[in-house]
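Here is the file model08.txt (compact mmCIF, N, CA and C atoms).
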# COMPACT_ATOMS: atom_id res chain seq x y z
N MET G 221 63.82 -110.07 -151.94
CA MET G 221 62.85 -109.81 -150.89
C MET G 221 63.41 -110.27 -149.54
N ASP G 222 63.38 -109.39 -148.56
CA ASP G 222 63.90 -109.73 -147.24
C ASP G 222 62.88 -110.62 -146.53
N GLN G 223 63.29 -111.82 -146.19
CA GLN G 223 62.37 -112.80 -145.61
C GLN G 223 62.43 -112.80 -144.08
N ARG G 224 63.17 -111.87 -143.48
CA ARG G 224 63.25 -111.86 -142.03
C ARG G 224 61.88 -111.56 -141.44
N VAL G 225 61.60 -112.18 -140.31
CA VAL G 225 60.29 -112.03 -139.70
C VAL G 225 60.21 -110.67 -139.02
N SER G 226 59.14 -109.94 -139.27
CA SER G 226 58.90 -108.66 -138.61
C SER G 226 57.55 -108.71 -137.91
N MET G 227 57.46 -108.07 -136.76
CA MET G 227 56.23 -108.05 -136.00
C MET G 227 55.97 -106.64 -135.51
N ILE G 228 54.73 -106.21 -135.55
CA ILE G 228 54.36 -104.90 -135.01
C ILE G 228 53.31 -105.10 -133.94
N MET G 229 53.53 -104.50 -132.79
CA MET G 229 52.57 -104.56 -131.71
C MET G 229 51.96 -103.18 -131.54
N THR G 230 50.65 -103.10 -131.49
CA THR G 230 49.98 -101.82 -131.29
C THR G 230 49.18 -101.84 -130.00
N GLY G 231 48.83 -100.67 -129.52
CA GLY G 231 47.95 -100.57 -128.36
C GLY G 231 48.66 -100.40 -127.03
N ALA G 232 49.98 -100.37 -127.01
CA ALA G 232 50.68 -100.20 -125.74
C ALA G 232 50.37 -98.81 -125.17
N ARG G 233 50.07 -98.76 -123.88
CA ARG G 233 49.72 -97.49 -123.24
C ARG G 233 50.88 -96.91 -122.45
N ASP G 234 51.73 -97.76 -121.92
CA ASP G 234 52.79 -97.30 -121.04
C ASP G 234 54.14 -97.76 -121.59
N ILE G 235 54.65 -97.00 -122.56
CA ILE G 235 55.90 -97.37 -123.23
C ILE G 235 57.05 -97.49 -122.22
N PRO G 236 57.26 -96.55 -121.27
CA PRO G 236 58.38 -96.71 -120.33
C PRO G 236 58.29 -98.00 -119.52
N ARG G 237 57.10 -98.36 -119.08
CA ARG G 237 56.92 -99.60 -118.32
C ARG G 237 57.26 -100.82 -119.17
N LEU G 238 56.82 -100.82 -120.43
CA LEU G 238 57.12 -101.94 -121.31
C LEU G 238 58.61 -101.99 -121.63
N ARG G 239 59.23 -100.81 -121.80
CA ARG G 239 60.68 -100.79 -122.05
C ARG G 239 61.42 -101.45 -120.90
N ALA G 240 61.05 -101.13 -119.68
CA ALA G 240 61.70 -101.73 -118.52
C ALA G 240 61.51 -103.25 -118.52
N PHE G 241 60.32 -103.70 -118.85
CA PHE G 241 60.03 -105.13 -118.87
C PHE G 241 60.85 -105.83 -119.95
N TYR G 242 60.85 -105.31 -121.16
CA TYR G 242 61.52 -106.00 -122.26
C TYR G 242 63.03 -105.81 -122.26
N GLU G 243 63.50 -104.62 -121.89
CA GLU G 243 64.96 -104.38 -121.91
C GLU G 243 65.63 -104.95 -120.67
N ASN G 244 65.13 -104.59 -119.49
CA ASN G 244 65.76 -105.05 -118.26
C ASN G 244 65.38 -106.49 -117.92
N GLY G 245 64.11 -106.80 -118.08
CA GLY G 245 63.64 -108.13 -117.71
C GLY G 245 64.04 -109.21 -118.69
N LEU G 246 63.82 -108.95 -119.98
CA LEU G 246 64.08 -109.98 -120.98
C LEU G 246 65.42 -109.79 -121.68
N GLY G 247 66.03 -108.62 -121.53
CA GLY G 247 67.33 -108.40 -122.16
C GLY G 247 67.26 -108.22 -123.66
N TRP G 248 66.09 -107.80 -124.18
CA TRP G 248 65.99 -107.58 -125.62
C TRP G 248 66.77 -106.33 -126.00
N VAL G 249 67.34 -106.33 -127.18
CA VAL G 249 68.24 -105.28 -127.61
C VAL G 249 67.49 -104.21 -128.40
N PRO G 250 67.57 -102.93 -127.97
CA PRO G 250 66.90 -101.88 -128.73
C PRO G 250 67.38 -101.87 -130.18
N TRP G 251 66.43 -101.69 -131.08
CA TRP G 251 66.71 -101.69 -132.51
C TRP G 251 66.69 -100.28 -133.08
N ALA G 252 65.86 -99.43 -132.52
CA ALA G 252 65.76 -98.04 -132.98
C ALA G 252 65.65 -97.16 -131.74
N ALA G 253 65.98 -95.88 -131.91
CA ALA G 253 65.90 -94.96 -130.78
C ALA G 253 64.45 -94.88 -130.29
N PRO G 254 64.22 -95.13 -129.00
CA PRO G 254 62.85 -95.08 -128.49
C PRO G 254 62.34 -93.65 -128.39
N SER G 255 61.04 -93.51 -128.47
CA SER G 255 60.39 -92.22 -128.27
C SER G 255 59.26 -92.43 -127.28
N ALA G 256 58.47 -91.37 -127.04
CA ALA G 256 57.32 -91.50 -126.15
C ALA G 256 56.26 -92.40 -126.74
N PHE G 257 56.33 -92.62 -128.06
CA PHE G 257 55.26 -93.34 -128.74
C PHE G 257 55.68 -94.68 -129.33
N ALA G 258 56.96 -94.93 -129.47
CA ALA G 258 57.38 -96.16 -130.14
C ALA G 258 58.73 -96.62 -129.63
N VAL G 259 58.93 -97.92 -129.69
CA VAL G 259 60.23 -98.50 -129.38
C VAL G 259 60.35 -99.79 -130.18
N GLY G 260 61.55 -100.08 -130.65
CA GLY G 260 61.76 -101.29 -131.44
C GLY G 260 62.84 -102.15 -130.81
N TYR G 261 62.73 -103.46 -131.02
CA TYR G 261 63.70 -104.41 -130.49
C TYR G 261 64.08 -105.43 -131.52
N ARG G 262 65.30 -105.94 -131.39
CA ARG G 262 65.68 -107.15 -132.10
C ARG G 262 65.45 -108.31 -131.16
N VAL G 263 64.79 -109.33 -131.66
CA VAL G 263 64.55 -110.55 -130.89
C VAL G 263 65.15 -111.66 -131.73
N GLY G 264 66.34 -112.12 -131.35
CA GLY G 264 67.06 -113.03 -132.23
C GLY G 264 67.36 -112.27 -133.51
N HIS G 265 66.87 -112.77 -134.60
CA HIS G 265 67.05 -112.07 -135.87
C HIS G 265 65.74 -111.51 -136.38
N SER G 266 64.76 -111.40 -135.51
CA SER G 266 63.48 -110.81 -135.86
C SER G 266 63.43 -109.40 -135.30
N VAL G 267 62.46 -108.63 -135.75
CA VAL G 267 62.30 -107.27 -135.29
C VAL G 267 60.91 -107.12 -134.68
N LEU G 268 60.85 -106.48 -133.53
CA LEU G 268 59.61 -106.25 -132.82
C LEU G 268 59.47 -104.75 -132.60
N VAL G 269 58.34 -104.16 -132.97
CA VAL G 269 58.14 -102.72 -132.84
C VAL G 269 56.88 -102.47 -132.04
N PHE G 270 56.99 -101.65 -131.00
CA PHE G 270 55.84 -101.22 -130.21
C PHE G 270 55.43 -99.84 -130.68
N LEU G 271 54.15 -99.63 -130.91
CA LEU G 271 53.63 -98.31 -131.25
C LEU G 271 52.50 -97.98 -130.29
N HIS G 272 52.56 -96.79 -129.70
CA HIS G 272 51.57 -96.35 -128.73
C HIS G 272 50.20 -96.22 -129.40
N GLY G 273 49.14 -96.72 -128.75
CA GLY G 273 47.80 -96.69 -129.32
C GLY G 273 47.33 -95.28 -129.66
N ASP G 274 47.62 -94.29 -128.80
CA ASP G 274 47.18 -92.92 -129.07
C ASP G 274 47.91 -92.34 -130.28
N TYR G 275 49.16 -92.71 -130.43
CA TYR G 275 49.93 -92.26 -131.60
C TYR G 275 49.30 -92.79 -132.89
N LEU G 276 48.93 -94.06 -132.89
CA LEU G 276 48.31 -94.63 -134.09
C LEU G 276 46.98 -93.98 -134.39
N ALA G 277 46.19 -93.72 -133.34
CA ALA G 277 44.90 -93.05 -133.54
C ALA G 277 45.12 -91.66 -134.16
N GLN G 278 46.12 -90.95 -133.64
CA GLN G 278 46.43 -89.62 -134.16
C GLN G 278 46.83 -89.69 -135.62
N GLN G 279 47.66 -90.66 -135.98
CA GLN G 279 48.10 -90.81 -137.37
C GLN G 279 46.93 -91.13 -138.30
N ARG G 280 45.95 -91.83 -137.78
CA ARG G 280 44.79 -92.20 -138.59
C ARG G 280 43.69 -91.15 -138.56
N GLY G 281 43.87 -90.10 -137.74
CA GLY G 281 42.84 -89.08 -137.61
C GLY G 281 41.64 -89.54 -136.81
N GLU G 282 41.85 -90.52 -135.92
CA GLU G 282 40.77 -91.04 -135.09
C GLU G 282 40.85 -90.42 -133.70
N PRO G 283 39.76 -90.48 -132.95
CA PRO G 283 39.79 -89.98 -131.56
C PRO G 283 40.82 -90.76 -130.74
N LEU G 284 41.47 -90.06 -129.83
CA LEU G 284 42.45 -90.71 -128.97
C LEU G 284 41.74 -91.69 -128.04
N SER G 285 42.37 -92.81 -127.81
CA SER G 285 41.80 -93.82 -126.94
C SER G 285 42.92 -94.53 -126.22
N ALA G 286 42.58 -95.45 -125.34
CA ALA G 286 43.60 -96.21 -124.62
C ALA G 286 44.24 -97.25 -125.51
N GLY G 287 43.67 -97.51 -126.66
CA GLY G 287 44.24 -98.51 -127.56
C GLY G 287 43.80 -99.92 -127.19
N SER G 288 43.85 -100.77 -128.15
CA SER G 288 43.40 -102.14 -127.92
C SER G 288 44.58 -103.04 -127.56
N LYS G 289 44.28 -104.15 -126.94
CA LYS G 289 45.31 -105.13 -126.64
C LYS G 289 45.64 -105.92 -127.90
N THR G 290 46.79 -106.55 -127.88
CA THR G 290 47.26 -107.26 -129.05
C THR G 290 47.76 -108.64 -128.64
N SER G 291 47.56 -109.60 -129.50
CA SER G 291 48.16 -110.92 -129.31
C SER G 291 49.12 -111.16 -130.47
N LEU G 292 50.35 -111.47 -130.15
CA LEU G 292 51.35 -111.65 -131.19
C LEU G 292 52.25 -112.83 -130.90
N ALA G 293 52.88 -113.32 -131.94
CA ALA G 293 53.87 -114.39 -131.81
C ALA G 293 55.25 -113.82 -132.08
N VAL G 294 56.21 -114.25 -131.30
CA VAL G 294 57.62 -113.93 -131.54
C VAL G 294 58.28 -115.23 -131.97
N PHE G 295 58.77 -115.28 -133.19
CA PHE G 295 59.44 -116.47 -133.69
C PHE G 295 60.92 -116.38 -133.38
N VAL G 296 61.46 -117.43 -132.78
CA VAL G 296 62.87 -117.45 -132.42
C VAL G 296 63.55 -118.64 -133.08
N GLU G 297 64.88 -118.65 -133.00
CA GLU G 297 65.66 -119.56 -133.82
C GLU G 297 65.91 -120.95 -133.23
N SER G 298 65.49 -121.18 -131.97
CA SER G 298 65.73 -122.51 -131.38
C SER G 298 64.77 -122.76 -130.23
N LYS G 299 64.61 -124.04 -129.88
CA LYS G 299 63.80 -124.40 -128.72
C LYS G 299 64.41 -123.83 -127.45
N GLN G 300 65.73 -123.81 -127.39
CA GLN G 300 66.41 -123.26 -126.21
C GLN G 300 66.07 -121.79 -126.03
N LYS G 301 65.94 -121.05 -127.14
CA LYS G 301 65.58 -119.63 -127.07
C LYS G 301 64.16 -119.46 -126.56
N VAL G 302 63.25 -120.35 -126.96
CA VAL G 302 61.88 -120.32 -126.41
C VAL G 302 61.94 -120.46 -124.90
N ASP G 303 62.67 -121.48 -124.42
CA ASP G 303 62.78 -121.73 -122.98
C ASP G 303 63.36 -120.52 -122.25
N GLU G 304 64.43 -119.96 -122.82
CA GLU G 304 65.12 -118.83 -122.19
C GLU G 304 64.20 -117.61 -122.09
N LEU G 305 63.57 -117.22 -123.19
CA LEU G 305 62.70 -116.04 -123.16
C LEU G 305 61.50 -116.25 -122.25
N TYR G 306 60.96 -117.44 -122.24
CA TYR G 306 59.82 -117.73 -121.38
C TYR G 306 60.20 -117.60 -119.91
N ARG G 307 61.33 -118.19 -119.52
CA ARG G 307 61.80 -118.09 -118.12
C ARG G 307 62.03 -116.64 -117.73
N ARG G 308 62.67 -115.88 -118.62
CA ARG G 308 62.96 -114.48 -118.32
C ARG G 308 61.68 -113.65 -118.21
N ALA G 309 60.70 -113.95 -119.06
CA ALA G 309 59.42 -113.23 -118.98
C ALA G 309 58.76 -113.46 -117.62
N LEU G 310 58.71 -114.71 -117.18
CA LEU G 310 58.09 -115.01 -115.90
C LEU G 310 58.86 -114.38 -114.74
N ALA G 311 60.18 -114.41 -114.81
CA ALA G 311 61.00 -113.81 -113.76
C ALA G 311 60.84 -112.29 -113.71
N SER G 312 60.39 -111.70 -114.81
CA SER G 312 60.23 -110.24 -114.88
C SER G 312 58.80 -109.79 -114.61
N GLY G 313 57.94 -110.72 -114.21
CA GLY G 313 56.59 -110.33 -113.82
C GLY G 313 55.50 -110.67 -114.82
N ALA G 314 55.81 -111.37 -115.88
CA ALA G 314 54.77 -111.77 -116.82
C ALA G 314 53.89 -112.84 -116.17
N ARG G 315 52.65 -112.88 -116.63
CA ARG G 315 51.74 -113.92 -116.17
C ARG G 315 51.75 -115.07 -117.17
N VAL G 316 51.60 -116.28 -116.65
CA VAL G 316 51.58 -117.47 -117.50
C VAL G 316 50.24 -117.55 -118.20
N SER G 317 50.26 -117.73 -119.51
CA SER G 317 49.04 -118.04 -120.25
C SER G 317 48.98 -119.53 -120.53
N SER G 318 50.11 -120.09 -120.96
CA SER G 318 50.22 -121.52 -121.20
C SER G 318 51.69 -121.87 -121.13
N PRO G 319 52.05 -122.94 -120.40
CA PRO G 319 53.47 -123.28 -120.27
C PRO G 319 54.08 -123.71 -121.61
N VAL G 320 55.40 -123.73 -121.63
CA VAL G 320 56.13 -124.16 -122.82
C VAL G 320 55.80 -125.62 -123.11
N ARG G 321 55.55 -125.93 -124.38
CA ARG G 321 55.19 -127.30 -124.74
C ARG G 321 55.35 -127.53 -126.23
N GLU G 322 55.41 -128.81 -126.59
CA GLU G 322 55.38 -129.20 -128.00
C GLU G 322 53.94 -129.09 -128.47
N ARG G 323 53.77 -128.55 -129.68
CA ARG G 323 52.42 -128.43 -130.23
C ARG G 323 52.33 -129.15 -131.56
N ASP G 324 51.15 -129.09 -132.16
CA ASP G 324 50.94 -129.72 -133.45
C ASP G 324 51.90 -129.17 -134.50
N GLU G 325 52.15 -129.93 -135.51
CA GLU G 325 53.04 -129.57 -136.63
C GLU G 325 54.47 -129.29 -136.19
N GLY G 326 54.87 -129.84 -135.04
CA GLY G 326 56.25 -129.71 -134.59
C GLY G 326 56.59 -128.40 -133.93
N LEU G 327 55.61 -127.53 -133.70
CA LEU G 327 55.89 -126.24 -133.07
C LEU G 327 56.23 -126.44 -131.59
N TYR G 328 57.09 -125.57 -131.07
CA TYR G 328 57.47 -125.56 -129.67
C TYR G 328 57.16 -124.16 -129.16
N THR G 329 56.21 -124.02 -128.23
CA THR G 329 55.73 -122.69 -127.88
C THR G 329 55.49 -122.52 -126.39
N GLY G 330 55.42 -121.27 -125.97
CA GLY G 330 55.00 -120.90 -124.63
C GLY G 330 54.28 -119.56 -124.72
N TYR G 331 53.28 -119.36 -123.85
CA TYR G 331 52.49 -118.13 -123.87
C TYR G 331 52.67 -117.37 -122.57
N PHE G 332 52.72 -116.03 -122.67
CA PHE G 332 52.71 -115.21 -121.47
C PHE G 332 51.97 -113.91 -121.75
N CYS G 333 51.62 -113.20 -120.67
CA CYS G 333 50.91 -111.94 -120.75
C CYS G 333 51.82 -110.88 -120.14
N ASP G 334 52.14 -109.82 -120.91
CA ASP G 334 53.07 -108.79 -120.42
C ASP G 334 52.36 -107.80 -119.49
N PRO G 335 53.11 -106.82 -118.90
CA PRO G 335 52.50 -105.90 -117.93
C PRO G 335 51.35 -105.06 -118.49
N GLU G 336 51.26 -104.90 -119.81
CA GLU G 336 50.15 -104.15 -120.41
C GLU G 336 48.95 -105.03 -120.66
N GLY G 337 49.08 -106.33 -120.44
CA GLY G 337 47.98 -107.23 -120.71
C GLY G 337 47.98 -107.79 -122.12
N ASN G 338 49.05 -107.52 -122.87
CA ASN G 338 49.16 -108.07 -124.22
C ASN G 338 49.61 -109.53 -124.14
N ASN G 339 49.03 -110.35 -124.98
CA ASN G 339 49.33 -111.78 -124.97
C ASN G 339 50.39 -112.10 -126.01
N TRP G 340 51.35 -112.92 -125.61
CA TRP G 340 52.48 -113.26 -126.47
C TRP G 340 52.65 -114.76 -126.57
N GLU G 341 53.03 -115.21 -127.74
CA GLU G 341 53.42 -116.60 -127.93
C GLU G 341 54.85 -116.59 -128.43
N ILE G 342 55.72 -117.31 -127.74
CA ILE G 342 57.10 -117.47 -128.20
C ILE G 342 57.15 -118.81 -128.94
N VAL G 343 57.65 -118.79 -130.17
CA VAL G 343 57.52 -119.96 -131.04
C VAL G 343 58.84 -120.34 -131.68
N TRP G 344 59.15 -121.64 -131.65
CA TRP G 344 60.14 -122.20 -132.56
C TRP G 344 59.38 -123.09 -133.52
N SER G 345 59.65 -122.90 -134.82
CA SER G 345 58.95 -123.67 -135.83
C SER G 345 59.94 -124.37 -136.75
N PRO G 346 59.75 -125.66 -136.99
CA PRO G 346 60.61 -126.36 -137.95
C PRO G 346 60.35 -125.91 -139.37
N HIS G 347 59.28 -125.14 -139.56
CA HIS G 347 58.91 -124.67 -140.89
C HIS G 347 59.52 -123.32 -141.22
N MET G 348 60.33 -122.76 -140.30
CA MET G 348 60.98 -121.47 -140.53
C MET G 348 62.48 -121.64 -140.30
N PRO G 349 63.18 -122.15 -141.29
CA PRO G 349 64.63 -122.38 -141.14
C PRO G 349 65.42 -121.07 -141.11
N LEU G 350 66.71 -121.19 -140.85
CA LEU G 350 67.60 -120.03 -140.80
C LEU G 350 68.34 -119.89 -142.13
N ASP G 351 68.61 -118.64 -142.52
CA ASP G 351 69.40 -118.42 -143.72
C ASP G 351 70.89 -118.42 -143.37
N ALA G 352 71.75 -118.11 -144.32
CA ALA G 352 73.20 -118.16 -144.11
C ALA G 352 73.67 -117.19 -143.03
N GLU G 353 72.89 -116.12 -142.79
CA GLU G 353 73.27 -115.14 -141.76
C GLU G 353 72.65 -115.47 -140.41
N GLY G 354 71.89 -116.55 -140.32
CA GLY G 354 71.26 -116.92 -139.07
C GLY G 354 69.92 -116.26 -138.85
N ALA G 355 69.37 -115.59 -139.87
CA ALA G 355 68.08 -114.94 -139.74
C ALA G 355 66.97 -115.91 -140.12
N LEU G 356 65.84 -115.78 -139.44
CA LEU G 356 64.71 -116.65 -139.75
C LEU G 356 64.22 -116.42 -141.17
N ILE G 357 63.84 -117.49 -141.81
CA ILE G 357 63.27 -117.41 -143.16
C ILE G 357 61.78 -117.69 -143.04
N ALA G 358 60.96 -116.75 -143.46
CA ALA G 358 59.52 -116.95 -143.40
C ALA G 358 59.10 -118.00 -144.41
N PRO G 359 58.08 -118.78 -144.06
CA PRO G 359 57.62 -119.79 -145.02
C PRO G 359 57.09 -119.13 -146.29
N SER G 360 57.36 -119.73 -147.43
CA SER G 360 56.89 -119.14 -148.68
C SER G 360 55.40 -119.41 -148.82
N THR G 361 54.72 -118.45 -149.44
CA THR G 361 53.27 -118.59 -149.61
C THR G 361 52.93 -118.73 -151.06
How does the structure come out when it is put into structure tokens?
Amino acid sequence: MDQRVSMIMTGARDIPRLRAFYENGLGWVPWAAPSAFAVGYRVGHSVLVFLHGDYLAQQRGEPLSAGSKTSLAVFVESKQKVDELYRRALASGARVSSPVRERDEGLYTGYFCDPEGNNWEIVWSPHMPLDAEGALIAPST
């Protein structure tokens, strides 16, 4: 079983605007060929996928809408990576939700809000070690 962390974000309305923010502003590496409805990124050894809200509604047979906002966590491999991504997000126009800080259970996190209004938490967790390839290992349940 592949234990690498995967995240899906839904509800994005302006994929080109988000691509500019994440690719140019944060320097995230495209993972899959982008389309009008979806784009994927590698974040450290995790995968982040954006899916357009109208596309998801269409796939589900629901009326088209602007889509809902999403709150997600991006798990990264070090405290330094939390600091780096947080600084780059702010420099690229993100709004501060909560500054980088130590949290309960040893977590190191920072919150920001992207240009679409989606809320993000960047997290380093001592409970998610790295495997031999440097990929995050999800905690066993």
Taking (62.0, -105.1, -116.5) in the coordinates of the supplied file, I want to know which residues reach to within 12 Å of it, counting only C-alpha atoms; could you give the answer as a PDB file with N, CA and C atoms, keeping the file's coordinate frame?
ATOM      1  N   ILE G 235      54.650 -97.000-122.560  1.00  0.00           N
ATOM      2  CA  ILE G 235      55.900 -97.370-123.230  1.00  0.00           C
ATOM      3  C   ILE G 235      57.050 -97.490-122.220  1.00  0.00           C
ATOM      4  N   PRO G 236      57.260 -96.550-121.270  1.00  0.00           N
ATOM      5  CA  PRO G 236      58.380 -96.710-120.330  1.00  0.00           C
ATOM      6  C   PRO G 236      58.290 -98.000-119.520  1.00  0.00           C
ATOM      7  N   ARG G 237      57.100 -98.360-119.080  1.00  0.00           N
ATOM      8  CA  ARG G 237      56.920 -99.600-118.320  1.00  0.00           C
ATOM      9  C   ARG G 237      57.260-100.820-119.170  1.00  0.00           C
ATOM     10  N   LEU G 238      56.820-100.820-120.430  1.00  0.00           N
ATOM     11  CA  LEU G 238      57.120-101.940-121.310  1.00  0.00           C
ATOM     12  C   LEU G 238      58.610-101.990-121.630  1.00  0.00           C
ATOM     13  N   ARG G 239      59.230-100.810-121.800  1.00  0.00           N
ATOM     14  CA  ARG G 239      60.680-100.790-122.050  1.00  0.00           C
ATOM     15  C   ARG G 239      61.420-101.450-120.900  1.00  0.00           C
ATOM     16  N   ALA G 240      61.050-101.130-119.680  1.00  0.00           N
ATOM     17  CA  ALA G 240      61.700-101.730-118.520  1.00  0.00           C
ATOM     18  C   ALA G 240      61.510-103.250-118.520  1.00  0.00           C
ATOM     19  N   PHE G 241      60.320-103.700-118.850  1.00  0.00           N
ATOM     20  CA  PHE G 241      60.030-105.130-118.870  1.00  0.00           C
ATOM     21  C   PHE G 241      60.850-105.830-119.950  1.00  0.00           C
ATOM     22  N   TYR G 242      60.850-105.310-121.160  1.00  0.00           N
ATOM     23  CA  TYR G 242      61.520-106.000-122.260  1.00  0.00           C
ATOM     24  C   TYR G 242      63.030-105.810-122.260  1.00  0.00           C
ATOM     25  N   GLU G 243      63.500-104.620-121.890  1.00  0.00           N
ATOM     26  CA  GLU G 243      64.960-104.380-121.910  1.00  0.00           C
ATOM     27  C   GLU G 243      65.630-104.950-120.670  1.00  0.00           C
ATOM     28  N   ASN G 244      65.130-104.590-119.490  1.00  0.00           N
ATOM     29  CA  ASN G 244      65.760-105.050-118.260  1.00  0.00           C
ATOM     30  C   ASN G 244      65.380-106.490-117.920  1.00  0.00           C
ATOM     31  N   GLY G 245      64.110-106.800-118.080  1.00  0.00           N
ATOM     32  CA  GLY G 245      63.640-108.130-117.710  1.00  0.00           C
ATOM     33  C   GLY G 245      64.040-109.210-118.690  1.00  0.00           C
ATOM     34  N   LEU G 246      63.820-108.950-119.980  1.00  0.00           N
ATOM     35  CA  LEU G 246      64.080-109.980-120.980  1.00  0.00           C
ATOM     36  C   LEU G 246      65.420-109.790-121.680  1.00  0.00           C
ATOM     37  N   GLY G 247      66.030-108.620-121.530  1.00  0.00           N
ATOM     38  CA  GLY G 247      67.330-108.400-122.160  1.00  0.00           C
ATOM     39  C   GLY G 247      67.260-108.220-123.660  1.00  0.00           C
ATOM     40  N   TRP G 248      66.090-107.800-124.180  1.00  0.00           N
ATOM     41  CA  TRP G 248      65.990-107.580-125.620  1.00  0.00           C
ATOM     42  C   TRP G 248      66.770-106.330-126.000  1.00  0.00           C
ATOM     43  N   ARG G 308      62.670-115.880-118.620  1.00  0.00           N
ATOM     44  CA  ARG G 308      62.960-114.480-118.320  1.00  0.00           C
ATOM     45  C   ARG G 308      61.680-113.650-118.210  1.00  0.00           C
ATOM     46  N   ALA G 309      60.700-113.950-119.060  1.00  0.00           N
ATOM     47  CA  ALA G 309      59.420-113.230-118.980  1.00  0.00           C
ATOM     48  C   ALA G 309      58.760-113.460-117.620  1.00  0.00           C
ATOM     49  N   LEU G 310      58.710-114.710-117.180  1.00  0.00           N
ATOM     50  CA  LEU G 310      58.090-115.010-115.900  1.00  0.00           C
ATOM     51  C   LEU G 310      58.860-114.380-114.740  1.00  0.00           C
ATOM     52  N   ALA G 311      60.180-114.410-114.810  1.00  0.00           N
ATOM     53  CA  ALA G 311      61.000-113.810-113.760  1.00  0.00           C
ATOM     54  C   ALA G 311      60.840-112.290-113.710  1.00  0.00           C
ATOM     55  N   SER G 312      60.390-111.700-114.810  1.00  0.00           N
ATOM     56  CA  SER G 312      60.230-110.240-114.880  1.00  0.00           C
ATOM     57  C   SER G 312      58.800-109.790-114.610  1.00  0.00           C
ATOM     58  N   GLY G 313      57.940-110.720-114.210  1.00  0.00           N
ATOM     59  CA  GLY G 313      56.590-110.330-113.820  1.00  0.00           C
ATOM     60  C   GLY G 313      55.500-110.670-114.820  1.00  0.00           C
ATOM     61  N   ALA G 314      55.810-111.370-115.880  1.00  0.00           N
ATOM     62  CA  ALA G 314      54.770-111.770-116.820  1.00  0.00           C
ATOM     63  C   ALA G 314      53.890-112.840-116.170  1.00  0.00           C
ATOM     64  N   ASP G 334      52.140-109.820-120.910  1.00  0.00           N
ATOM     65  CA  ASP G 334      53.070-108.790-120.420  1.00  0.00           C
ATOM     66  C   ASP G 334      52.360-107.800-119.490  1.00  0.00           C
ATOM     67  N   PRO G 335      53.110-106.820-118.900  1.00  0.00           N
ATOM     68  CA  PRO G 335      52.500-105.900-117.930  1.00  0.00           C
ATOM     69  C   PRO G 335      51.350-105.060-118.490  1.00  0.00           C
TER      70      PRO G 335
END
Set the distance at 8 Å and use all atoms listed in the file: which residues neighbour Tyr331 (chain G) once local chain neighbours fewer than 3 positions away are removed? I'd like the list as a ChimeraX atom specification.
/G:306,314-321,334,339-343
Which residue is closest to Arg262 (chain G)? Choose from G:Val249, G:Glu336, G:Glu282, G:Asp274 and count only N, CA and C atoms.
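Nearest to Arg262 (chain G): G:Val249.
As for CA of Phe295 (chain G) and CA of Leu268 (chain G), they are spaced 10.3 Å apart.
Distances to Glu297 (chain G) were evaluated for G:Trp344, G:Arg233, G:Gly330, G:Gln278 using all atoms listed in the file, and the minimum falls at G:Trp344.
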Grab the atom C of Arg307 (chain G) to atom N of Glu322 (chain G) distance for me, in Å with one decimal place.
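Interatomic distance here is 16.4 Å.
As for atom N of Asn338 (chain G) and atom C of Phe257 (chain G), they are spaced 15.8 Å apart.
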Backbone-only DSSP, strand (DSSP E) members of region 282-339 of chain G, as a count of residues only:
20
Leaving out Gly260 (chain G) and any residue of its chain fewer than 4 positions from it, which residues lie within 7 Å of it when counting all atoms listed in the file, given as a list in words?
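So, after excluding close chain neighbours, the residues are Val249, Pro250, Trp251, Ala252, Ala253, Pro254, Ser255, Val267, Leu268, Val269 and Phe270 of chain G.
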